[in-house]
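Structure below is query_3.tsv: TSV, C-alpha atoms.
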chain	number	residue	atom	x	y	z
A	267	MET	CA	45.38	123.36	132.17
A	268	PRO	CA	44.10	126.97	132.43
A	269	ARG	CA	43.25	128.09	135.96
A	270	ASN	CA	39.65	128.88	135.04
A	271	ALA	CA	39.26	125.30	133.77
A	272	VAL	CA	40.50	124.02	137.15
A	273	GLN	CA	37.73	125.97	138.85
A	274	ILE	CA	35.14	124.40	136.52
A	275	VAL	CA	36.43	120.91	137.37
A	276	VAL	CA	36.35	121.61	141.12
A	277	ASP	CA	32.81	122.98	140.96
A	278	GLY	CA	31.67	120.00	138.90
A	279	MET	CA	33.28	117.44	141.22
A	280	GLU	CA	31.74	119.11	144.26
A	281	THR	CA	28.31	118.84	142.65
A	282	VAL	CA	28.84	115.14	141.97
A	283	PHE	CA	30.16	114.21	145.41
A	284	SER	CA	27.92	116.48	147.48
A	285	GLU	CA	25.08	113.99	147.10
A	286	ASP	CA	27.02	111.44	149.19
A	287	ILE	CA	29.61	113.47	151.10
A	288	GLU	CA	29.06	116.84	152.74
A	289	SER	CA	31.50	119.54	151.45
A	290	PRO	CA	34.21	117.12	150.23
A	291	LEU	CA	36.28	119.83	148.54
A	292	ILE	CA	35.97	122.57	151.13
A	293	ASN	CA	39.77	123.11	151.22
A	294	PHE	CA	39.90	123.49	147.41
A	295	LYS	CA	36.77	125.55	146.82
A	296	THR	CA	38.63	128.67	145.60
A	297	GLU	CA	41.97	129.29	143.95
A	298	HIS	CA	43.24	131.04	147.08
A	299	LYS	CA	42.41	128.01	149.21
A	300	ARG	CA	44.08	125.67	146.72
A	301	PHE	CA	47.27	127.71	146.63
A	302	SER	CA	47.30	128.02	150.43
A	303	TYR	CA	46.88	124.27	150.86
A	304	PHE	CA	49.64	123.32	148.44
A	305	ASN	CA	51.90	126.02	149.85
A	306	LYS	CA	51.58	124.50	153.33
A	307	GLN	CA	52.32	121.07	151.87
A	308	GLY	CA	55.53	122.46	150.32
A	309	SER	CA	54.47	121.41	146.82
A	310	PHE	CA	53.68	124.91	145.54
A	311	ILE	CA	56.44	127.47	145.08
A	312	GLU	CA	54.91	130.89	144.62
A	313	PRO	CA	56.61	133.14	142.04
A	314	LYS	CA	57.95	136.49	143.19
A	315	GLU	CA	56.72	139.58	141.40
A	316	MET	CA	59.64	141.95	140.90
A	317	VAL	CA	59.39	145.59	139.84
A	318	ILE	CA	61.79	146.39	137.00
A	319	GLY	CA	60.76	149.96	136.17
A	320	GLN	CA	58.00	152.25	134.99
A	321	ARG	CA	56.74	153.37	131.62
A	322	LEU	CA	54.27	156.02	130.45
A	323	ASN	CA	51.14	154.67	128.77
A	324	LYS	CA	48.62	156.66	126.81
A	325	VAL	CA	45.14	156.53	128.38
A	326	VAL	CA	41.94	158.42	127.64
A	327	LYS	CA	40.15	160.08	130.56
A	328	SER	CA	37.09	162.24	130.04
A	329	GLY	CA	37.82	162.29	126.32
A	330	ILE	CA	41.36	163.59	126.83
A	331	SER	CA	44.52	161.56	126.06
A	332	ILE	CA	47.05	161.70	128.86
A	333	LEU	CA	50.26	159.90	129.80
A	334	GLU	CA	49.91	157.80	132.93
A	335	PRO	CA	52.82	155.99	134.64
A	336	SER	CA	52.46	152.22	135.02
A	337	THR	CA	54.69	149.77	136.88
A	338	CYS	CA	56.50	147.09	134.87
A	339	THR	CA	57.03	143.76	136.63
A	340	GLN	CA	58.37	140.29	135.97
A	341	GLN	CA	57.84	136.94	137.67
A	342	PHE	CA	60.79	135.09	139.23
A	343	ILE	CA	60.61	131.56	140.62
A	344	PRO	CA	63.33	130.89	143.28
A	345	LEU	CA	65.50	128.11	141.90
A	346	ARG	CA	66.82	127.17	145.34
A	347	ASN	CA	63.33	126.03	146.36
A	348	VAL	CA	62.55	124.34	143.05
A	349	LEU	CA	65.81	122.39	142.96
A	350	LYS	CA	65.58	121.41	146.62
A	351	ASN	CA	62.10	119.99	146.14
A	352	PHE	CA	63.14	118.26	142.95
A	353	VAL	CA	66.23	116.45	144.28
A	354	SER	CA	64.27	115.50	147.41
A	355	LEU	CA	61.88	113.42	145.34
A	356	GLN	CA	62.24	109.68	145.77
A	357	ASN	CA	65.29	108.23	143.95
A	358	VAL	CA	66.09	111.42	142.01
A	359	LEU	CA	69.30	112.28	143.87
A	360	SER	CA	70.55	108.72	144.31
A	361	GLU	CA	69.98	107.85	140.65
A	362	THR	CA	71.66	111.04	139.52
A	363	LEU	CA	74.74	110.47	141.69
A	364	ASP	CA	75.04	106.88	140.43
A	365	HIS	CA	74.66	108.08	136.85
A	366	MET	CA	77.42	110.66	137.32
A	367	LYS	CA	79.77	108.00	138.71
A	368	THR	CA	79.11	105.82	135.68
A	369	LEU	CA	79.78	108.70	133.30
A	370	LYS	CA	83.02	109.67	135.03
A	371	SER	CA	84.32	106.10	134.84
A	372	ASP	CA	84.09	106.15	131.02
A	373	ASN	CA	86.91	108.24	129.53
A	374	LYS	CA	86.53	107.12	125.91
A	375	ILE	CA	82.94	107.87	124.95
A	376	ILE	CA	81.37	111.28	125.61
A	377	GLN	CA	77.69	110.91	126.49
A	378	ASN	CA	77.12	113.86	128.78
A	379	PHE	CA	78.21	117.44	129.45
A	380	ILE	CA	79.98	116.52	132.70
A	381	GLN	CA	82.48	114.37	130.78
A	382	GLY	CA	83.84	117.40	128.92
A	383	THR	CA	87.00	119.24	129.90
A	384	TYR	CA	85.17	122.52	130.47
A	385	TRP	CA	82.91	121.15	133.19
A	386	GLN	CA	85.78	119.26	134.78
A	387	SER	CA	87.73	122.51	135.06
A	388	ARG	CA	84.73	124.15	136.76
A	389	ALA	CA	84.00	121.26	139.15
A	390	VAL	CA	87.57	121.30	140.48
A	391	SER	CA	86.90	124.56	142.33
A	392	HIS	CA	84.31	122.77	144.51
A	393	GLY	CA	86.78	120.17	145.76
A	394	GLU	CA	85.04	117.12	147.19
A	395	SER	CA	81.64	118.81	147.36
A	396	VAL	CA	78.82	117.52	145.20
A	397	VAL	CA	78.06	119.96	142.40
A	398	PHE	CA	75.53	119.66	139.57
A	399	PRO	CA	75.66	121.66	136.33
A	400	LEU	CA	72.72	123.78	135.21
A	401	PHE	CA	71.68	124.65	131.67
A	402	ILE	CA	69.88	127.97	131.15
A	403	PHE	CA	67.61	128.30	128.11
A	404	PHE	CA	66.16	131.61	126.92
A	405	ASP	CA	63.75	132.48	124.13
A	406	ASP	CA	60.95	134.89	123.32
A	407	PHE	CA	57.53	133.52	122.44
A	408	GLU	CA	54.32	135.03	121.16
A	409	SER	CA	51.42	134.53	123.59
A	410	GLY	CA	48.85	135.90	121.14
A	411	ASN	CA	48.26	135.42	117.43
A	412	ALA	CA	51.72	135.49	115.85
A	413	LEU	CA	50.23	136.41	112.45
A	414	GLY	CA	47.72	138.97	113.71
A	415	SER	CA	47.92	142.74	113.52
A	416	HIS	CA	48.77	142.95	117.24
A	417	SER	CA	51.62	140.41	117.14
A	418	GLY	CA	54.56	141.42	119.30
A	419	ILE	CA	52.51	143.39	121.82
A	420	HIS	CA	52.07	140.38	124.09
A	421	LYS	CA	55.40	138.70	123.34
A	422	LEU	CA	56.99	137.22	126.46
A	423	GLY	CA	60.53	136.19	127.32
A	424	GLY	CA	61.04	132.95	129.23
A	425	VAL	CA	64.10	131.56	131.00
A	426	TYR	CA	64.14	127.85	131.79
A	427	VAL	CA	66.54	125.68	133.77
A	428	SER	CA	67.47	122.02	133.39
A	429	VAL	CA	69.94	119.66	135.09
A	430	PRO	CA	71.90	117.90	132.31
A	431	CYS	CA	73.49	115.20	134.49
A	432	LEU	CA	70.16	113.48	135.21
A	433	PRO	CA	69.70	109.93	133.91
A	434	SER	CA	68.54	110.10	130.30
A	435	TYR	CA	65.01	108.88	131.04
A	436	ARG	CA	64.59	111.79	133.47
A	437	SER	CA	66.39	114.53	131.50
A	438	THR	CA	64.08	114.03	128.50
A	439	VAL	CA	60.91	114.61	130.54
A	440	LEU	CA	59.37	118.02	129.99
A	441	SER	CA	58.32	118.35	133.64
A	442	ASN	CA	62.01	118.27	134.63
A	443	ILE	CA	62.62	121.57	132.81
A	444	PHE	CA	61.84	124.39	135.22
A	445	LEU	CA	60.59	127.91	134.54
A	446	ALA	CA	62.80	130.45	136.32
A	447	LEU	CA	61.89	133.86	134.90
A	448	ILE	CA	59.18	135.34	132.68
A	449	PHE	CA	58.78	138.93	131.50
A	450	HIS	CA	57.48	141.10	128.67
A	451	SER	CA	59.98	141.09	125.81
A	452	SER	CA	59.50	144.83	125.30
A	453	ASP	CA	60.62	145.41	128.91
A	454	ARG	CA	63.96	143.71	128.21
A	455	VAL	CA	64.48	146.00	125.22
A	456	GLU	CA	63.57	149.12	127.21
A	457	PHE	CA	65.24	148.42	130.56
A	458	GLY	CA	68.16	146.25	129.42
A	459	ASN	CA	69.52	142.80	130.19
A	460	ARG	CA	71.16	143.73	133.50
A	461	ILE	CA	67.88	144.74	135.19
A	462	ILE	CA	65.91	141.84	133.74
A	463	PHE	CA	68.36	139.05	134.50
A	464	GLN	CA	69.82	140.34	137.79
A	465	PRO	CA	67.52	138.18	139.99
A	466	LEU	CA	68.55	135.10	138.03
A	467	ILE	CA	72.24	136.03	138.25
A	468	ASP	CA	71.96	136.47	142.01
A	469	GLU	CA	70.21	133.11	142.33
A	470	LEU	CA	72.87	131.32	140.29
A	471	ASN	CA	75.61	132.90	142.42
A	472	PHE	CA	73.82	131.71	145.56
A	473	LEU	CA	73.53	128.15	144.27
A	474	GLN	CA	77.20	128.16	143.29
A	475	GLU	CA	78.65	129.73	146.43
A	476	THR	CA	76.22	128.81	149.23
A	477	GLY	CA	74.36	125.78	147.89
A	478	ILE	CA	71.28	124.19	149.42
A	479	GLU	CA	70.92	121.86	152.38
A	480	ILE	CA	69.67	118.41	151.44
A	481	SER	CA	68.38	115.81	153.88
A	482	THR	CA	67.28	112.56	152.23
A	483	PRO	CA	67.82	108.89	153.05
A	484	ASP	CA	70.52	108.86	150.36
A	485	TYR	CA	72.32	112.15	151.07
A	486	GLU	CA	72.87	114.57	153.92
A	487	GLY	CA	74.68	117.85	153.41
A	488	LYS	CA	75.24	120.68	150.96
A	489	LEU	CA	74.51	120.37	147.27
A	490	TYR	CA	75.91	122.98	144.89
A	491	PHE	CA	74.82	124.00	141.40
A	492	GLU	CA	76.86	125.86	138.82
A	493	LEU	CA	75.93	127.32	135.45
A	494	GLY	CA	77.26	125.10	132.69
A	495	LEU	CA	75.78	126.46	129.46
A	496	ILE	CA	73.44	129.17	128.21
A	497	LEU	CA	71.21	127.71	125.50
A	498	GLY	CA	68.85	129.15	122.90
A	499	ASP	CA	68.49	129.82	119.21
A	500	ASN	CA	70.93	132.24	117.59
A	501	LEU	CA	68.76	135.31	118.12
A	502	GLY	CA	67.99	134.35	121.72
A	503	LEU	CA	71.64	133.78	122.58
A	504	HIS	CA	72.74	137.03	120.98
A	505	SER	CA	70.08	139.00	122.83
A	506	ILE	CA	70.71	137.48	126.27
A	507	THR	CA	74.50	137.81	126.04
A	508	GLY	CA	74.55	141.34	124.66
A	509	PHE	CA	75.73	140.73	121.09
A	510	THR	CA	74.25	142.41	118.05
A	511	GLU	CA	70.86	140.98	117.10
A	512	SER	CA	71.34	141.79	113.41
A	513	PHE	CA	72.94	138.95	111.48
A	514	SER	CA	73.75	141.28	108.60
A	515	SER	CA	76.03	143.45	110.75
A	516	ASN	CA	79.76	143.68	110.16
A	517	PHE	CA	80.57	141.20	112.94
A	518	PRO	CA	77.54	138.86	113.23
A	519	CYS	CA	79.20	136.00	115.16
A	520	ARG	CA	79.16	135.68	118.96
A	521	ILE	CA	81.91	133.03	118.89
A	522	CYS	CA	84.56	134.84	116.86
A	523	THR	CA	85.30	138.24	115.31
A	524	VAL	CA	85.10	137.28	111.64
A	525	ARG	CA	83.83	139.99	109.31
A	526	LYS	CA	80.66	139.17	107.41
A	527	GLU	CA	82.46	139.30	104.02
A	528	HIS	CA	84.87	136.57	105.14
A	529	MET	CA	82.12	134.56	106.82
A	530	TRP	CA	80.25	134.26	103.53
A	531	VAL	CA	82.98	132.01	102.08
A	532	GLN	CA	84.85	130.69	105.14
A	533	CYS	CA	84.63	126.89	105.46
A	534	TYR	CA	87.14	126.21	108.25
A	535	GLU	CA	87.37	127.77	111.68
A	536	ASP	CA	90.03	130.42	112.22
A	537	LYS	CA	91.09	129.97	115.83
A	538	SER	CA	92.92	133.29	115.86
A	539	LEU	CA	89.55	135.05	115.61
A	540	LEU	CA	87.89	133.30	118.57
A	541	ARG	CA	86.53	135.67	121.20
A	542	HIS	CA	87.90	135.68	124.74
A	543	THR	CA	87.00	137.46	127.97
A	544	GLU	CA	89.56	140.28	127.81
A	545	GLN	CA	88.71	141.03	124.20
A	546	TYR	CA	84.99	141.02	124.99
A	547	TYR	CA	85.30	143.69	127.67
A	548	ALA	CA	87.68	145.75	125.52
A	549	GLN	CA	85.25	145.78	122.61
A	550	LEU	CA	82.33	146.44	124.93
A	551	SER	CA	83.97	149.66	126.10
A	552	HIS	CA	83.93	151.02	122.51
A	553	ASN	CA	80.10	150.93	122.49
A	554	ASP	CA	79.94	150.68	118.63
A	555	VAL	CA	77.56	148.16	117.00
A	556	SER	CA	77.98	149.17	113.55
A	557	ALA	CA	69.60	122.84	93.07
A	558	THR	CA	67.72	119.65	93.28
A	559	GLY	CA	67.06	116.40	91.40
A	560	LEU	CA	64.08	116.42	88.97
A	561	PHE	CA	60.81	114.92	89.93
A	562	THR	CA	57.39	116.52	90.17
A	563	LEU	CA	56.17	118.28	93.30
A	564	GLN	CA	52.96	116.23	93.25
A	565	VAL	CA	54.94	112.98	93.46
A	566	LEU	CA	56.92	114.33	96.41
A	567	ASN	CA	53.78	115.46	98.26
A	568	ASN	CA	52.12	112.08	97.59
A	569	ARG	CA	55.10	110.33	99.10
A	570	LEU	CA	55.18	112.70	102.06
A	571	PHE	CA	51.53	111.83	102.70
A	572	CYS	CA	51.73	108.06	102.14
A	573	PHE	CA	55.14	107.30	103.63
A	574	ASP	CA	55.15	105.15	106.79
A	575	TYR	CA	57.10	107.16	109.37
A	576	GLY	CA	56.73	104.48	112.05
A	577	PRO	CA	56.56	105.90	115.59
A	578	GLU	CA	57.51	109.39	114.37
A	579	ASN	CA	54.60	111.77	115.05
A	580	ASN	CA	56.09	114.91	113.48
A	581	LYS	CA	55.03	114.17	109.89
A	582	PRO	CA	56.18	116.83	107.35
A	583	CYS	CA	53.55	119.03	105.74
A	584	ALA	CA	52.88	119.17	102.00
A	585	LEU	CA	55.09	121.57	100.04
A	586	THR	CA	53.85	124.39	97.80
A	587	GLU	CA	55.41	125.50	94.54
A	588	ASP	CA	55.46	129.17	95.57
A	589	TYR	CA	57.50	128.50	98.68
A	590	ILE	CA	59.93	126.28	96.80
A	591	LYS	CA	60.50	128.99	94.18
A	592	GLN	CA	61.22	131.38	97.04
A	593	GLY	CA	63.66	128.87	98.53
A	594	ASN	CA	61.55	128.70	101.67
A	595	ILE	CA	60.19	125.32	102.83
A	596	ARG	CA	57.75	126.04	105.66
A	597	GLN	CA	57.91	123.33	108.32
A	598	SER	CA	58.23	123.35	112.08
A	599	ALA	CA	61.66	122.45	113.48
A	600	SER	CA	60.57	118.89	114.34
A	601	GLU	CA	58.86	118.43	110.95
A	602	MET	CA	61.95	119.68	109.12
A	603	LEU	CA	64.16	117.25	111.04
A	604	THR	CA	61.86	114.37	110.06
A	605	LEU	CA	61.91	115.52	106.42
A	606	ILE	CA	65.71	115.60	106.35
A	607	MET	CA	66.03	112.22	108.07
A	608	TYR	CA	63.71	110.43	105.63
A	609	PHE	CA	64.32	112.48	102.47
A	610	GLY	CA	66.67	109.87	101.00
A	611	LEU	CA	64.03	107.16	101.36
A	612	LEU	CA	61.31	109.44	99.99
A	613	VAL	CA	62.96	110.44	96.71
A	614	GLY	CA	66.26	108.59	96.53
A	615	ASP	CA	65.05	106.34	93.69
A	616	PHE	CA	64.55	109.43	91.49
A	617	VAL	CA	68.09	110.74	91.96
A	618	PRO	CA	70.76	109.67	89.43
A	619	SER	CA	73.79	108.08	91.04
A	620	GLU	CA	76.05	110.72	89.45
A	621	GLU	CA	73.96	113.70	90.67
A	622	PRO	CA	76.51	116.00	92.40
A	623	VAL	CA	73.97	118.02	94.42
A	624	TRP	CA	72.90	114.82	96.19
A	625	GLY	CA	76.31	114.89	97.86
A	626	LEU	CA	75.29	118.10	99.62
A	627	TYR	CA	72.28	116.37	101.17
A	628	ILE	CA	74.43	113.40	102.25
A	629	ALA	CA	76.98	115.76	103.82
A	630	MET	CA	74.23	117.61	105.71
A	631	ARG	CA	72.72	114.31	106.84
A	632	ARG	CA	76.08	113.20	108.26
A	633	VAL	CA	76.48	116.45	110.17
A	634	ILE	CA	72.99	116.04	111.66
A	635	ASP	CA	73.83	112.46	112.68
A	636	VAL	CA	76.77	113.72	114.73
A	637	VAL	CA	75.45	117.02	116.08
A	638	ILE	CA	71.77	116.25	116.77
A	639	LEU	CA	71.03	112.53	116.64
A	640	SER	CA	74.06	111.06	118.45
A	641	THR	CA	73.48	110.15	122.09
A	642	SER	CA	77.22	109.67	122.68
A	643	LEU	CA	80.42	110.77	120.97
A	644	GLU	CA	83.95	109.45	120.73
A	645	LEU	CA	86.75	111.71	121.94
A	646	ASP	CA	88.07	112.30	118.41
A	647	SER	CA	84.67	113.45	117.13
A	648	CYS	CA	85.79	117.11	117.05
A	649	SER	CA	88.15	116.66	114.11
A	650	ARG	CA	85.66	114.43	112.28
A	651	LEU	CA	82.87	116.95	112.77
A	652	GLN	CA	85.11	119.77	111.58
A	653	THR	CA	85.78	117.88	108.34
A	654	LEU	CA	82.08	117.07	107.82
A	655	VAL	CA	81.00	120.68	108.36
A	656	ALA	CA	83.71	121.99	106.05
A	657	GLU	CA	82.69	119.51	103.34
A	658	MET	CA	79.03	120.54	103.66
A	659	ASN	CA	79.89	124.26	103.52
A	660	GLU	CA	82.09	123.82	100.45
A	661	LEU	CA	79.36	121.90	98.62
A	662	TYR	CA	76.79	124.53	99.56
A	663	LEU	CA	79.02	127.29	98.15
A	664	ASN	CA	79.59	125.33	94.93
A	665	TYR	CA	76.00	124.40	94.15
A	666	SER	CA	73.87	127.14	95.68
A	667	LYS	CA	75.97	130.01	94.32
A	668	LYS	CA	75.10	131.84	97.55
A	669	ARG	CA	77.06	133.06	100.53
A	670	LEU	CA	77.38	131.12	103.75
A	671	LYS	CA	74.83	132.31	106.28
A	672	PRO	CA	75.61	132.93	109.97
A	673	LYS	CA	74.12	129.52	110.85
A	674	PHE	CA	76.77	127.79	108.75
A	675	HIS	CA	79.48	129.80	110.45
A	676	LEU	CA	78.20	129.09	113.96
A	677	LEU	CA	77.97	125.38	113.18
A	678	LYS	CA	81.58	125.45	112.05
A	679	ASN	CA	82.61	126.83	115.43
A	680	LEU	CA	81.08	123.94	117.42
A	681	ASP	CA	83.70	122.64	119.85
A	682	LEU	CA	83.21	119.47	121.88
Translate this structure into structure tokens?
Amino acid sequence: MPRNAVQIVVDGMETVFSEDIESPLINFKTEHKRFSYFNKQGSFIEPKEMVIGQRLNKVVKSGISILEPSTCTQQFIPLRNVLKNFVSLQNVLSETLDHMKTLKSDNKIIQNFIQGTYWQSRAVSHGESVVFPLFIFFDDFESGNALGSHSGIHKLGGVYVSVPCLPSYRSTVLSNIFLALIFHSSDRVEFGNRIIFQPLIDELNFLQETGIEISTPDYEGKLYFELGLILGDNLGLHSITGFTESFSSNFPCRICTVRKEHMWVQCYEDKSLLRHTEQYYAQLSHNDVSATGLFTLQVLNNRLFCFDYGPENNKPCALTEDYIKQGNIRQSASEMLTLIMYFGLLVGDFVPSEEPVWGLYIAMRRVIDVVILSTSLELDSCSRLQTLVAEMNELYLNYSKKRLKPKFHLLKNLDL
């Protein structure tokens, strides 16, 4: 709810109650009083404004254009306070610890990040101490009209934090994903990743090395947090980790060093090309970044409109002929996932049983079942997934007559 709307609600409620009770909302009359009250209660964690540099802006004074320095800032929310308040909530810590014990006792089915070998190798360094993994997610978002003439001017970058070892009914709640850092995207481009993300790096180091003191009925002592994964879309991950943000560059993959010409046709992972720490720093020192079955569109749109999607709220939009000719189906991510999931039921009766392109859709559907829709995985899922992805890539090459895009390549490099 916008802050100005909160003020309208407070003023309205005071008018209603003032007839029976004298000044009932005196402690919440202004925004300053509200913040002060919740700050004293420990339920409001005030963000820290951090100066990251200065830039020269053009301003007009007395009819003359001049350059005037302005301070560039970002907002940082201390994770140590957020996480301490969160795990101190009733039953959060006890349920999470019980959930982790249950996950660790199952060595056959992988349901959570903490069951993987990578996290186990990281947790060993903490000995008998209790340590939780953290996932960091980064992406830019447009705060204004994304299609307007001023798009990009008010684009912001947001960094969010989640605790992946929470019980599933808690980890899927949006309120349990915490904002850690927010800044103007243009400032990251101008001042660089190191300046922008340094407060977050320092905070993560503190949580890993020092930890936070917890005093609840269920637990007394230090609780540590360690970075497990950095998440985001391909562009977001490349930008936050310092890789090239052009996917048409000679080496467009952050996972391996395959050349783009080989990536266009490569269906299986080449482990000899995988990046590693020593190679990363060595290359950094160089500082050189150099088809479908036949049925009418109207029938498809009618079925998209009339189909019963059950409890699914993300109903796909109608398709236009122009976009299809361009090979561009415009849907949101959630709408596209729904379309792919139900596409077989929508048009499967039109597709001949011998139609070879249909095999490409089936292969893609199987990959999605494993990568996105599965809530747990068997230990041998890596080899099965590798085969499914390779089959999908080969079919795409055969029937599309196009090159494999970076997304196909990155999917091929998924490693459980």
Using all atoms listed in the file, give me every residue within 10 Å of (88.4, 128.6, 109.1) in file coordinates, as a list in words. Val524, His528, Met529, Val531, Gln532, Cys533, Tyr534, Glu535, Asp536, Lys537, Ser538, Leu539, Gln652, Ala656, His675, Lys678 and Asn679 of chain A
Who sits within 10 Å of Val353 in chain A, all atoms listed in the file, same chain under 2 positions skipped, as a ChimeraX atom specification: /A:348-351,355-360,362,480-482,489
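Distances here use all atoms listed in the file; by that measure, the residue among A:Ile318, A:Val565, A:Val636, A:Ile292 closest to Ile462 in chain A is A:Ile318.
Take the candidates A:Asp499, A:Glu312, A:Glu486, A:Glu511 and check each one against Lys673 in chain A using all atoms listed in the file; the shortest distance goes to A:Asp499.
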Close residues, Trp530 in chain A itself excluded, 8 Å, all atoms listed in the file, min 2 positions apart in chain, as a PyMOL selection string: chain A and resi 526-528+532+669-671
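Note that CA of Asp406 in chain A and CA of Asn459 in chain A are 13.5 Å apart.
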Find the spatial neighbours of Arg321 in chain A, counting all atoms listed in the file, within a cut-off of 9 Å - ignore same-chain residues fewer than 4 positions away - and output them as a PyMOL selection string. chain A and resi 334-338
